[in-house]
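Novice: So that you have it, the file is run07.txt, and it contains compact mmCIF, C-alpha atoms:
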```
# COMPACT_ATOMS: atom_id res chain seq x y z
CA MET A 698 14.08 0.88 -40.35
CA GLY A 699 12.46 -2.23 -38.81
CA GLN A 700 9.28 -2.14 -36.79
CA THR A 701 8.97 -3.51 -33.27
CA PRO A 702 6.88 -6.70 -33.41
CA ALA A 703 3.48 -6.45 -31.74
CA LEU A 704 2.91 -8.32 -28.51
CA SER A 705 0.96 -11.56 -28.85
CA PRO A 706 -2.35 -11.65 -26.95
CA SER A 707 -0.95 -14.07 -24.37
CA ARG A 708 2.18 -11.95 -23.85
CA LEU A 709 0.11 -8.77 -23.58
CA GLY A 710 -2.14 -10.46 -21.04
CA ALA A 711 0.91 -11.48 -19.01
CA VAL A 712 2.24 -7.91 -19.09
CA LEU A 713 -1.10 -6.49 -17.92
CA ARG A 714 -1.48 -9.09 -15.16
CA ARG A 715 2.01 -8.43 -13.90
CA ALA A 716 1.37 -4.67 -13.85
CA LEU A 717 -1.98 -5.13 -12.09
CA TRP A 718 -0.66 -7.33 -9.30
CA TRP A 719 2.51 -5.28 -8.89
CA VAL A 720 0.36 -2.19 -8.30
CA VAL A 721 -1.97 -4.04 -5.90
CA LEU A 722 0.88 -5.50 -3.85
CA THR A 723 2.78 -2.21 -3.88
CA VAL A 724 -0.23 -0.45 -2.39
CA THR A 725 -0.71 -3.18 0.23
CA GLY A 726 2.89 -3.15 1.42
CA GLY A 727 5.27 -3.81 -1.45
CA VAL A 728 6.71 -6.79 -3.29
CA ARG A 729 10.38 -7.72 -3.68
CA ARG A 730 12.00 -10.42 -5.80
CA HIS A 731 15.35 -12.13 -5.53
CA GLY A 732 16.66 -14.32 -8.33
CA GLN A 733 15.64 -15.00 -11.93
CA LEU A 734 13.90 -17.76 -13.84
CA PRO A 735 15.95 -19.56 -16.49
CA PRO A 736 15.49 -18.17 -20.01
CA ARG A 737 13.43 -21.10 -21.33
CA GLY A 738 10.26 -22.72 -20.13
CA CYS A 739 10.14 -24.15 -16.62
CA VAL A 740 7.87 -25.55 -13.94
CA VAL A 741 7.78 -23.29 -10.89
CA VAL A 742 7.01 -24.95 -7.55
CA ALA A 743 6.29 -22.77 -4.52
CA ASN A 744 5.01 -22.94 -0.97
CA HIS A 745 1.34 -22.12 -0.50
CA SER A 746 -0.17 -20.41 2.53
CA SER A 747 -2.48 -17.76 1.03
CA HIS A 748 -4.58 -16.89 -2.02
CA ALA A 749 -2.18 -13.94 -2.33
CA ASP A 750 0.60 -16.35 -3.38
CA THR A 751 -0.75 -16.29 -6.91
CA ALA A 752 -0.68 -12.49 -7.01
CA ALA A 753 2.86 -12.50 -5.61
CA LEU A 754 4.14 -14.82 -8.33
CA LEU A 755 2.33 -13.03 -11.14
CA ALA A 756 3.83 -9.72 -9.95
CA ALA A 757 7.34 -11.15 -9.52
CA LEU A 758 7.81 -13.44 -12.52
CA ASP A 759 8.80 -12.01 -15.89
CA ALA A 760 5.95 -11.52 -18.33
CA ARG A 761 8.05 -13.00 -21.13
CA HIS A 762 7.50 -16.40 -19.51
CA ARG A 763 3.70 -15.88 -19.72
CA PRO A 764 3.14 -17.58 -16.34
CA ALA A 765 0.16 -19.96 -16.10
CA ILE A 766 -1.11 -20.90 -12.65
CA GLY A 767 -2.42 -24.36 -11.82
CA ALA A 768 -5.66 -23.91 -9.86
CA ALA A 769 -7.90 -26.39 -8.07
CA ALA A 770 -10.70 -27.27 -10.49
CA ASP A 771 -13.18 -28.04 -7.73
CA TYR A 772 -12.77 -24.53 -6.24
CA TRP A 773 -11.65 -22.00 -8.85
CA PHE A 774 -13.58 -23.55 -11.75
CA ALA A 775 -16.70 -24.57 -9.80
CA SER A 776 -18.76 -21.59 -11.04
CA PRO A 777 -18.70 -19.43 -14.18
CA TRP A 778 -17.66 -16.22 -12.39
CA ARG A 779 -14.78 -17.89 -10.52
CA ARG A 780 -13.66 -19.49 -13.75
CA ARG A 781 -13.58 -16.12 -15.51
CA VAL A 782 -11.77 -14.42 -12.62
CA CYS A 783 -9.18 -17.18 -12.47
CA ARG A 784 -8.50 -17.21 -16.19
CA VAL A 785 -8.47 -13.45 -16.75
CA LEU A 786 -6.65 -12.27 -13.63
CA ALA A 787 -4.38 -15.25 -12.98
CA ALA A 788 -4.02 -17.09 -16.33
CA GLY A 789 -5.28 -20.08 -14.37
CA PHE A 790 -5.87 -23.55 -15.75
CA PRO A 791 -7.84 -26.26 -13.93
CA VAL A 792 -6.18 -29.15 -12.15
CA ARG A 793 -8.51 -31.81 -10.80
CA ARG A 794 -7.79 -33.03 -7.28
CA THR A 795 -10.16 -36.00 -7.39
CA GLY A 796 -8.80 -37.89 -10.40
CA GLY A 797 -7.50 -36.81 -13.79
CA GLY A 798 -5.15 -34.16 -12.41
CA MET A 799 -2.09 -35.66 -14.09
CA ASP A 800 -3.74 -35.37 -17.50
CA ASP A 801 -4.54 -31.72 -16.72
CA LEU A 802 -0.89 -31.07 -15.92
CA LEU A 803 0.49 -32.91 -18.95
CA SER A 804 -1.73 -30.79 -21.20
CA MET A 805 0.64 -27.89 -20.41
CA ALA A 806 3.72 -29.64 -21.85
CA ASP A 807 3.49 -27.88 -25.22
CA GLY A 808 3.33 -24.49 -23.51
CA LEU A 809 6.41 -25.31 -21.46
CA GLN A 810 8.32 -26.28 -24.59
CA ALA A 811 7.28 -22.95 -26.11
CA GLY A 812 8.91 -21.06 -23.23
CA ARG A 813 6.07 -20.62 -20.74
CA ALA A 814 6.40 -20.93 -16.97
CA VAL A 815 3.82 -23.20 -15.37
CA VAL A 816 3.34 -22.36 -11.70
CA LEU A 817 2.18 -25.11 -9.35
CA PHE A 818 1.63 -25.39 -5.63
CA PRO A 819 2.54 -29.05 -5.07
CA GLU A 820 1.12 -29.08 -1.54
CA GLY A 821 -2.31 -29.05 -3.18
CA THR A 822 -3.85 -26.72 -0.59
CA ARG A 823 -2.99 -23.75 1.59
CA GLY A 824 -1.05 -24.43 4.77
CA ALA A 825 -2.17 -22.75 7.98
CA ASP A 826 0.93 -22.74 10.20
CA GLY A 827 3.71 -21.60 7.87
CA ALA A 828 5.16 -25.11 7.48
CA VAL A 829 5.65 -26.50 3.97
CA GLY A 830 3.65 -29.70 3.55
CA ALA A 831 4.42 -32.81 1.49
CA PHE A 832 4.70 -32.32 -2.27
CA HIS A 833 2.74 -34.28 -4.87
CA ARG A 834 4.82 -35.62 -7.76
CA GLY A 835 2.83 -34.11 -10.63
CA ALA A 836 5.07 -31.06 -11.09
CA LEU A 837 8.18 -33.19 -11.54
CA VAL A 838 6.45 -35.59 -13.91
CA LEU A 839 5.32 -32.64 -16.03
CA ALA A 840 8.82 -31.13 -16.09
CA GLU A 841 10.37 -34.46 -17.07
CA ARG A 842 7.80 -35.04 -19.82
CA ALA A 843 8.33 -31.53 -21.25
CA GLY A 844 12.12 -31.63 -20.80
CA VAL A 845 12.27 -28.43 -18.75
CA PRO A 846 13.77 -27.64 -15.32
CA VAL A 847 11.88 -27.39 -12.03
CA VAL A 848 12.51 -24.07 -10.29
CA PRO A 849 11.84 -23.84 -6.53
CA VAL A 850 10.45 -20.56 -5.18
CA GLY A 851 9.96 -19.42 -1.61
CA ILE A 852 7.24 -16.88 -0.78
CA ALA A 853 7.07 -14.94 2.50
CA GLY A 854 4.66 -12.28 3.71
CA THR A 855 1.49 -13.47 1.99
CA ASP A 856 0.40 -15.36 5.10
CA ARG A 857 0.28 -12.01 6.88
CA LEU A 858 -1.11 -10.08 3.92
CA LEU A 859 -4.08 -12.41 3.43
CA PRO A 860 -4.16 -15.22 6.02
CA LYS A 861 -6.19 -18.35 5.40
CA HIS A 862 -9.75 -17.50 6.49
CA GLY A 863 -8.47 -14.04 7.52
CA ARG A 864 -8.80 -10.49 6.25
CA LEU A 865 -6.50 -8.36 4.14
CA ARG A 866 -3.72 -6.52 5.99
CA SER A 867 -0.65 -4.55 5.00
CA SER A 868 2.50 -6.61 4.51
CA LEU A 869 5.64 -6.64 2.41
CA VAL A 870 5.69 -9.73 0.16
CA ARG A 871 9.01 -11.30 -0.77
CA VAL A 872 9.62 -13.85 -3.51
CA ARG A 873 12.92 -15.73 -3.70
CA ILE A 874 13.68 -17.76 -6.84
CA GLY A 875 16.11 -20.64 -6.35
CA GLU A 876 18.42 -22.56 -8.65
CA PRO A 877 16.80 -25.06 -11.07
CA LEU A 878 16.68 -28.62 -9.81
CA PRO A 879 18.25 -31.49 -11.75
CA PRO A 880 16.01 -33.88 -13.73
CA SER A 881 16.59 -36.58 -11.14
CA ALA A 882 15.02 -34.50 -8.34
CA THR A 883 12.30 -36.14 -6.26
CA PRO A 884 9.24 -34.51 -4.67
CA GLU A 885 11.15 -34.60 -1.38
CA ASP A 886 14.08 -32.74 -2.97
CA ALA A 887 11.72 -30.10 -4.38
CA ARG A 888 9.98 -29.69 -1.04
CA ALA A 889 13.31 -29.32 0.79
CA ALA A 890 14.48 -26.65 -1.68
CA VAL A 891 11.24 -24.66 -1.39
CA ALA A 892 11.18 -24.99 2.41
CA ALA A 893 14.77 -23.72 2.63
CA LEU A 894 13.99 -20.73 0.39
CA HIS A 895 10.83 -19.94 2.36
CA ALA A 896 12.60 -20.16 5.71
CA ARG A 897 15.48 -17.99 4.49
CA THR A 898 13.11 -15.38 3.08
CA ALA A 899 10.78 -15.33 6.09
CA SER A 900 13.63 -14.98 8.59
CA GLU A 901 15.50 -12.29 6.67
CA PRO A 902 15.19 -9.04 8.64
CA LEU A 903 13.66 -6.11 6.83
CA PRO A 904 16.00 -3.12 6.56
CA ASP A 905 14.53 -0.37 8.69
CA SER A 906 15.35 2.99 10.22
CA PRO A 907 15.64 3.37 14.00
CA VAL A 908 14.02 6.79 13.61
CA ARG A 909 11.00 5.25 11.88
CA ARG A 910 10.65 2.59 14.55
CA ARG A 911 10.61 5.21 17.31
CA VAL A 912 8.14 7.42 15.45
CA ALA A 913 5.92 4.40 14.70
CA ALA A 914 5.91 3.35 18.35
CA VAL A 915 4.56 6.76 19.35
CA ALA A 916 2.20 7.21 16.39
CA ALA A 917 0.53 3.83 16.91
CA SER A 918 -0.11 4.48 20.61
CA ARG A 919 -2.50 6.72 22.54
CA ARG A 920 0.32 9.23 22.79
CA GLY A 921 0.17 9.60 19.03
CA LEU A 922 -3.54 10.42 19.13
CA LEU A 923 -3.03 12.95 21.92
CA LEU A 924 -0.12 14.51 20.05
CA ALA A 925 -2.15 14.81 16.82
CA PHE A 926 -5.07 16.37 18.70
CA ALA A 927 -2.88 18.78 20.68
CA TRP A 928 -0.80 19.81 17.63
CA ALA A 929 -3.88 20.57 15.53
CA CYS A 930 -5.61 22.36 18.40
CA ALA A 931 -2.53 24.52 19.03
CA GLU A 932 -2.22 25.31 15.31
CA ALA A 933 -5.83 26.51 15.23
CA LEU A 934 -4.99 28.91 18.07
CA SER A 935 -1.43 30.13 17.47
CA TRP A 936 1.12 27.37 16.65
CA PRO A 937 2.64 28.09 13.20
CA LEU A 938 3.16 24.50 11.97
CA MET A 939 0.23 22.80 10.26
CA PRO A 940 -0.98 19.40 11.52
CA GLU A 941 -0.43 18.05 8.00
CA LEU A 942 3.29 18.14 8.75
CA LEU A 943 2.76 15.80 11.69
CA LEU A 944 0.58 13.54 9.52
CA GLY A 945 3.33 13.46 6.91
CA VAL A 946 5.79 12.22 9.51
CA ALA A 947 3.51 9.81 11.38
CA CYS A 948 1.33 8.30 8.63
CA VAL A 949 4.32 7.36 6.48
CA ALA A 950 5.96 5.73 9.50
CA VAL A 951 2.88 3.64 10.35
CA PRO A 952 0.22 3.73 7.57
CA ARG A 953 -2.27 1.60 9.51
CA ALA A 954 -2.61 4.41 12.09
CA ALA A 955 -3.35 7.08 9.46
CA LEU A 956 -7.13 7.07 9.81
CA ARG A 957 -7.27 7.49 13.59
CA LEU A 958 -4.43 10.03 13.54
CA SER A 959 -6.27 12.04 10.88
CA PHE A 960 -9.49 12.00 12.89
CA ALA A 961 -7.59 13.04 16.02
CA ALA A 962 -6.02 15.94 14.11
CA LEU A 963 -9.41 16.91 12.71
CA ALA A 964 -10.95 16.90 16.20
CA GLY A 965 -8.07 19.05 17.46
CA SER A 966 -8.51 21.54 14.62
CA LEU A 967 -12.23 21.87 15.27
CA ALA A 968 -11.78 22.23 19.03
CA GLY A 969 -8.99 24.78 18.61
CA GLY A 970 -10.90 26.70 15.96
CA LEU A 971 -13.99 26.90 18.14
CA LEU A 972 -11.90 28.09 21.10
CA ALA A 973 -10.10 30.66 18.94
CA LEU A 974 -13.45 31.98 17.73
CA GLN A 975 -14.76 32.35 21.29
CA LEU A 976 -11.56 34.05 22.50
CA ALA A 977 -11.57 36.51 19.60
CA ASN A 978 -15.26 37.19 20.23
CA THR A 979 -14.36 38.36 23.75
CA GLY A 980 -11.63 40.64 22.40
CA LEU A 981 -8.62 38.45 23.27
CA GLN A 982 -6.00 38.41 20.51
CA LEU A 983 -3.53 35.50 20.47
CA PRO A 984 -0.17 35.75 18.66
CA THR A 985 -0.34 34.47 15.08
CA PRO A 986 3.23 34.03 13.79
CA LEU A 987 3.87 33.67 10.05
CA THR A 988 0.65 35.45 9.13
CA THR A 989 0.24 38.81 7.40
CA ASP A 990 -2.14 41.78 7.37
CA ARG A 991 -3.09 40.92 3.81
CA MET A 992 -4.21 37.44 4.91
CA ARG A 993 -6.42 38.94 7.60
CA ALA A 994 -7.88 41.51 5.19
CA GLU A 995 -8.73 38.79 2.67
CA VAL A 996 -10.42 36.67 5.32
CA ARG A 997 -12.44 39.63 6.62
CA HIS A 998 -13.67 40.29 3.09
CA GLU A 999 -14.63 36.63 2.56
CA LEU A 1000 -16.44 36.47 5.90
CA ALA A 1001 -18.36 39.65 5.12
CA VAL A 1002 -19.60 38.11 1.87
CA GLU A 1003 -20.01 34.43 2.80
CA SER A 1004 -20.08 34.33 6.61
CA ALA A 1005 -19.07 30.92 8.04
CA SER A 1006 -18.94 29.24 4.62
CA ALA A 1007 -15.90 31.40 3.77
CA VAL A 1008 -13.77 28.79 5.55
CA ARG A 1009 -14.20 26.53 2.54
CA HIS A 1010 -11.46 28.58 0.84
CA GLN A 1011 -8.96 27.82 3.59
CA PRO A 1012 -7.70 24.41 2.41
CA TRP A 1013 -6.61 25.88 -0.93
CA ASN A 1014 -5.48 29.49 -0.48
CA GLY A 1015 -2.62 29.02 1.99
CA ILE A 1016 -4.11 31.22 4.72
CA PRO A 1017 -3.79 29.45 8.10
CA PHE A 1018 -6.92 28.12 9.77
CA LYS A 1019 -6.22 30.20 12.87
CA VAL A 1020 -6.68 33.41 10.86
CA TYR A 1021 -10.14 32.29 9.75
CA ALA A 1022 -11.08 31.23 13.30
CA ALA A 1023 -9.95 34.49 14.90
CA GLU A 1024 -11.52 36.71 12.25
CA ALA A 1025 -14.77 34.71 12.44
CA GLY A 1026 -14.87 35.47 16.16
CA ARG A 1027 -14.35 39.18 15.56
CA ALA A 1028 -17.11 39.11 12.91
CA ASP A 1029 -19.56 37.52 15.38
CA VAL A 1030 -20.05 34.42 13.23
CA PRO A 1031 -22.36 32.00 15.13
CA ALA A 1032 -20.38 29.16 16.71
CA THR A 1033 -22.73 26.45 15.41
CA ASN A 1034 -22.48 27.69 11.84
CA TRP A 1035 -18.73 27.98 12.16
CA LEU A 1036 -18.36 24.45 13.52
CA ALA A 1037 -20.47 22.92 10.75
CA GLU A 1038 -18.66 24.73 7.94
CA SER A 1039 -15.16 24.24 9.34
CA ALA A 1040 -15.85 20.52 9.91
CA GLN A 1041 -16.48 20.12 6.20
CA ALA A 1042 -13.54 22.22 5.06
CA ARG A 1043 -10.99 20.87 7.54
CA GLY A 1044 -12.34 17.34 7.30
CA ALA A 1045 -11.89 17.19 3.53
CA ARG A 1046 -8.34 18.45 3.77
CA THR A 1047 -7.13 16.59 6.86
CA LEU A 1048 -8.56 13.18 5.93
CA THR A 1049 -7.36 13.47 2.32
CA VAL A 1050 -3.85 14.40 3.40
CA GLY A 1051 -3.75 11.59 5.96
CA ALA A 1052 -4.89 9.05 3.36
CA ALA A 1053 -2.35 10.31 0.83
CA PHE A 1054 0.52 9.99 3.30
CA ALA A 1055 -0.69 6.50 4.27
CA VAL A 1056 -0.55 5.42 0.63
CA LEU A 1057 2.89 7.00 0.33
CA GLY A 1058 4.01 5.05 3.40
CA LEU A 1059 2.85 1.81 1.80
CA LEU A 1060 4.60 2.65 -1.47
CA LEU A 1061 7.82 3.48 0.38
CA ARG A 1062 7.69 0.47 2.69
CA ARG A 1063 10.64 -1.23 1.01
CA PHE A 1064 12.69 1.95 1.54
CA ARG A 1065 12.07 2.23 5.30
CA ARG A 1066 15.79 2.40 6.00
CA HIS A 1067 15.78 5.85 4.35
CA TYR A 1068 12.98 7.20 6.56
CA GLY A 1069 15.30 9.73 8.22
CA ALA A 1070 16.15 11.21 4.82
CA TYR A 1071 12.44 11.35 3.97
CA VAL A 1072 11.68 13.32 7.15
CA ALA A 1073 14.50 15.74 6.36
CA LEU A 1074 13.18 16.28 2.81
CA LEU A 1075 9.64 16.68 4.12
CA GLY A 1076 10.77 19.31 6.61
CA ALA A 1077 12.77 21.17 3.99
CA GLY A 1078 9.88 21.07 1.53
CA PHE A 1079 7.45 22.26 4.16
CA ALA A 1080 9.73 25.14 5.18
CA ALA A 1081 10.19 26.19 1.55
CA GLY A 1082 6.45 26.00 0.86
CA LEU A 1083 5.61 27.98 3.99
CA SER A 1084 8.12 30.66 3.06
CA LEU A 1085 6.60 30.99 -0.40
CA ILE A 1086 3.07 31.22 1.01
CA VAL A 1087 4.01 33.92 3.52
CA ALA A 1088 5.93 35.83 0.86
CA GLY A 1089 2.97 35.57 -1.52
CA TRP A 1090 0.61 37.07 1.06
CA SER A 1091 3.00 39.80 2.21
```
Would you mind writing the file's structure down as structure tokens?
Specialist:
Amino acid sequence: MGQTPALSPSRLGAVLRRALWWVVLTVTGGVRRHGQLPPRGCVVVANHSSHADTAALLAALDARHRPAIGAAADYWFASPWRRRVCRVLAAGFPVRRTGGGMDDLLSMADGLQAGRAVVLFPEGTRGADGAVGAFHRGALVLAERAGVPVVPVGIAGTDRLLPKHGRLRSSLVRVRIGEPLPPSATPEDARAAVAALHARTASEPLPDSPVRRRVAAVAASRRGLLLAFAWACAEALSWPLMPELLLGVACVAVPRAALRLSFAALAGSLAGGLLALQLANTGLQLPTPLTTDRMRAEVRHELAVESASAVRHQPWNGIPFKVYAAEAGRADVPATNWLAESAQARGARTLTVGAAFAVLGLLLRRFRRHYGAYVALLGAGFAAGLSLIVAGWS
């Protein structure tokens, strides 16, 4: 029985780079590819508006082509640390922009003939307005010398993900690979092909769910903050549905709002818990649906042993926060101690859950059209989990 041949170092490096950048771009909004490179070596020419273009191509192109990225020698190879970053993370090779650049490009001819893909940005620099600038002829000369095709590629979304002189934001990145150009193609032909692919990709509407759009509109507004605060406050008093359910719906719909929604929910929990403690301390008993006598007995025992710090068990044992707040009031736990301890316990849980759902929203960005199905599954899962918790404490 034959053995599978080991990956060469360059192929293994390409596999690891592709995995790295696919994970990074997935977390920051997702990456999608349309089209395939030809099976043999080729020169890839693409539009260039962001440093993230390199990551997009390394994530989208097949590792079997062992993509090598042409990088400006006067920028990416100007210092030892940039040189190492460029070579290790991007398989970059230097291309001089002030003379000698053609020799740098022609040095890659042997790699092309061995099946590699050499990626070049023929504009020579990043554009700032989304337009595709004039192409230099080096890419076509290299392809002709090596006897390989030129493949145009359009990239969209990177200008939003990492704008020139801007900061990183969430964005779906799309890479569209076109048909190889004939050997007679000119720089103008290559530019026209790339510009057409870029325009088509950038203008293509993203499939989305009307439900998600409506939820996102609320979640990203002040109404979303008020809703998160009120929901969590009500749950700390009597409402049976945890604020984490709301975070699961809202943070997946609009991940960028996750942090402020989580803090609003945390503030609501603390305010409601403090009010519940004060009301119970005066002898007022609010209704607590979906709780059991065994839950209350367990909390009374914990409070008797640990006082306010007993609330640290709440995020993990399934007993609702309102039970702890009410029983703490009946046990005459000092309000200041209660607030400090519950802030730690609820903060750890609420902020962690909000962050987790934000990451999930970024991972599922390309599947936004199925948001309605996600909400239905989330609701069903929450109902099943709640039923099991109540049954376990009955």
Novice: So what do you get for CA of Gly1058 (chain A) versus CA of Cys948 (chain A), distance-wise?
Specialist: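 Atom-to-atom, CA of Gly1058 (chain A) and CA of Cys948 (chain A) are spaced 6.7 Å apart.
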Novice: List the neighbours of region 818-832 of chain A out to 8 Å using all atoms listed in the file; skip same-chain residues closer than 3 positions along the sequence, and give me the result as a PyMOL selection string.
Specialist: chain A and resi 742-748+767+769+794+835-836+856+861+884-885+887-888+891-892
Novice: Taking into account all atoms listed in the file, which residue in the set A:Met939, A:Ala1045, A:Leu1059, A:Ala964 is nearest to Gly1076 (chain A)?
Specialist: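 Of all the options, A:Met939 lies closest to Gly1076 (chain A).
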Novice: Work out where the centre of an axis-aligned box around every listed atom of region 986-1001 of chain A lies and how long its edges are once 3 Å is added on each side; give both in Å to one decimal as JSON.
Specialist:
```
{"center_x": -7.2, "center_y": 37.7, "center_z": 8.2, "size_x": 28.2, "size_y": 14.1, "size_z": 17.2}
```
Novice: Please, what distance in Å, to one decimal, runs between CA of Val816 (chain A) and CA of Val850 (chain A)?
Specialist: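 Calculated distance between CA of Val816 (chain A) and CA of Val850 (chain A) is 9.8 Å.
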Novice: Would you work out the distance separating CA of Ala977 (chain A) from CA of Ile1086 (chain A), expressed in Å to one decimal?
Specialist: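 Interatomic distance, CA of Ala977 (chain A) to CA of Ile1086 (chain A): 24.2 Å.
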Novice: Just checking: using only C-alpha atoms, which residue out of A:Ala711, A:Ala955, A:Asp750, A:Cys739 ends up closest to Pro879 (chain A)?
Specialist: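 Closest residue, counting only C-alpha atoms: A:Cys739.
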Novice: Kindly indicate which residue among A:Arg763, A:Arg911, A:Arg919, A:Arg873 lies nearest to Gly812 (chain A), using all atoms listed in the file for the distances.
Specialist: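 Result for the nearest residue to Gly812 (chain A): A:Arg763.
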Novice: With all atoms listed in the file as the basis for distance, which of A:Gly1082, A:Ala768, A:Arg1046, A:Glu1038 is at the shortest distance from Arg780 (chain A)?
Specialist: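 For Arg780 (chain A), the nearest of the candidates is A:Ala768.
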Novice: With only C-alpha atoms as the atoms that count, which of A:Ser707, A:Thr898, A:Ser776, A:Gln810 lies nearest to His731 (chain A)?
Specialist: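 Looking only at the distances to His731 (chain A), the closest residue turns out to be A:Thr898.
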Novice: Go through A:His1067, A:Arg708, A:Arg1009, A:Arg909 one by one, measure the shortest atom-to-atom distance of each to Ala1040 (chain A) using only C-alpha atoms, and give the residue with the smallest value.
Specialist: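 Going through A:His1067, A:Arg708, A:Arg1009, A:Arg909 one by one, the smallest distance to Ala1040 (chain A) is for A:Arg1009.
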Novice: Please provide as a list of chain:residue names all residues within 9 Å of Arg910 (chain A), with the sequence filter that same-chain residues fewer than 4 positions apart are discarded (counting all atoms listed in the file).
Specialist: A:Asp905, A:Ser906, A:Ala914, A:Val915, A:Ala950, A:Val951
Novice: Output requested as a short mmCIF file (atom, residue, chain, number, x, y, z; two decimals), in the frame of the given file - region 709-726 of chain A, filled out with N, CA and C atoms.
Specialist:
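After the write, result-v8.cif holds the following:
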```cif
data_model
loop_
_atom_site.label_atom_id
_atom_site.label_comp_id
_atom_site.auth_asym_id
_atom_site.auth_seq_id
_atom_site.Cartn_x
_atom_site.Cartn_y
_atom_site.Cartn_z
N LEU A 709 0.72 -10.01 -24.05
CA LEU A 709 0.11 -8.77 -23.58
C LEU A 709 -0.68 -9.02 -22.30
N GLY A 710 -1.41 -10.12 -22.25
CA GLY A 710 -2.14 -10.46 -21.04
C GLY A 710 -1.22 -10.63 -19.86
N ALA A 711 -0.07 -11.28 -20.09
CA ALA A 711 0.91 -11.48 -19.01
C ALA A 711 1.47 -10.14 -18.53
N VAL A 712 1.73 -9.23 -19.46
CA VAL A 712 2.24 -7.91 -19.09
C VAL A 712 1.21 -7.16 -18.24
N LEU A 713 -0.05 -7.20 -18.66
CA LEU A 713 -1.10 -6.49 -17.92
C LEU A 713 -1.33 -7.11 -16.54
N ARG A 714 -1.31 -8.44 -16.47
CA ARG A 714 -1.48 -9.09 -15.16
C ARG A 714 -0.34 -8.75 -14.23
N ARG A 715 0.88 -8.76 -14.76
CA ARG A 715 2.01 -8.43 -13.90
C ARG A 715 1.90 -7.00 -13.39
N ALA A 716 1.53 -6.07 -14.27
CA ALA A 716 1.37 -4.67 -13.85
C ALA A 716 0.27 -4.53 -12.81
N LEU A 717 -0.85 -5.21 -13.03
CA LEU A 717 -1.98 -5.13 -12.09
C LEU A 717 -1.57 -5.60 -10.71
N TRP A 718 -0.98 -6.78 -10.62
CA TRP A 718 -0.66 -7.33 -9.30
C TRP A 718 0.51 -6.63 -8.66
N TRP A 719 1.42 -6.08 -9.47
CA TRP A 719 2.51 -5.28 -8.89
C TRP A 719 1.94 -4.04 -8.23
N VAL A 720 0.98 -3.38 -8.88
CA VAL A 720 0.36 -2.19 -8.30
C VAL A 720 -0.40 -2.56 -7.02
N VAL A 721 -1.19 -3.63 -7.07
CA VAL A 721 -1.97 -4.04 -5.90
C VAL A 721 -1.06 -4.34 -4.72
N LEU A 722 -0.01 -5.12 -4.95
CA LEU A 722 0.88 -5.50 -3.85
C LEU A 722 1.72 -4.32 -3.39
N THR A 723 2.05 -3.41 -4.29
CA THR A 723 2.78 -2.21 -3.88
C THR A 723 1.94 -1.37 -2.93
N VAL A 724 0.65 -1.23 -3.24
CA VAL A 724 -0.23 -0.45 -2.39
C VAL A 724 -0.44 -1.13 -1.04
N THR A 725 -0.45 -2.46 -1.01
CA THR A 725 -0.71 -3.18 0.23
C THR A 725 0.56 -3.50 1.03
N GLY A 726 1.69 -2.94 0.63
CA GLY A 726 2.89 -3.15 1.42
C GLY A 726 4.17 -3.36 0.65
#
```
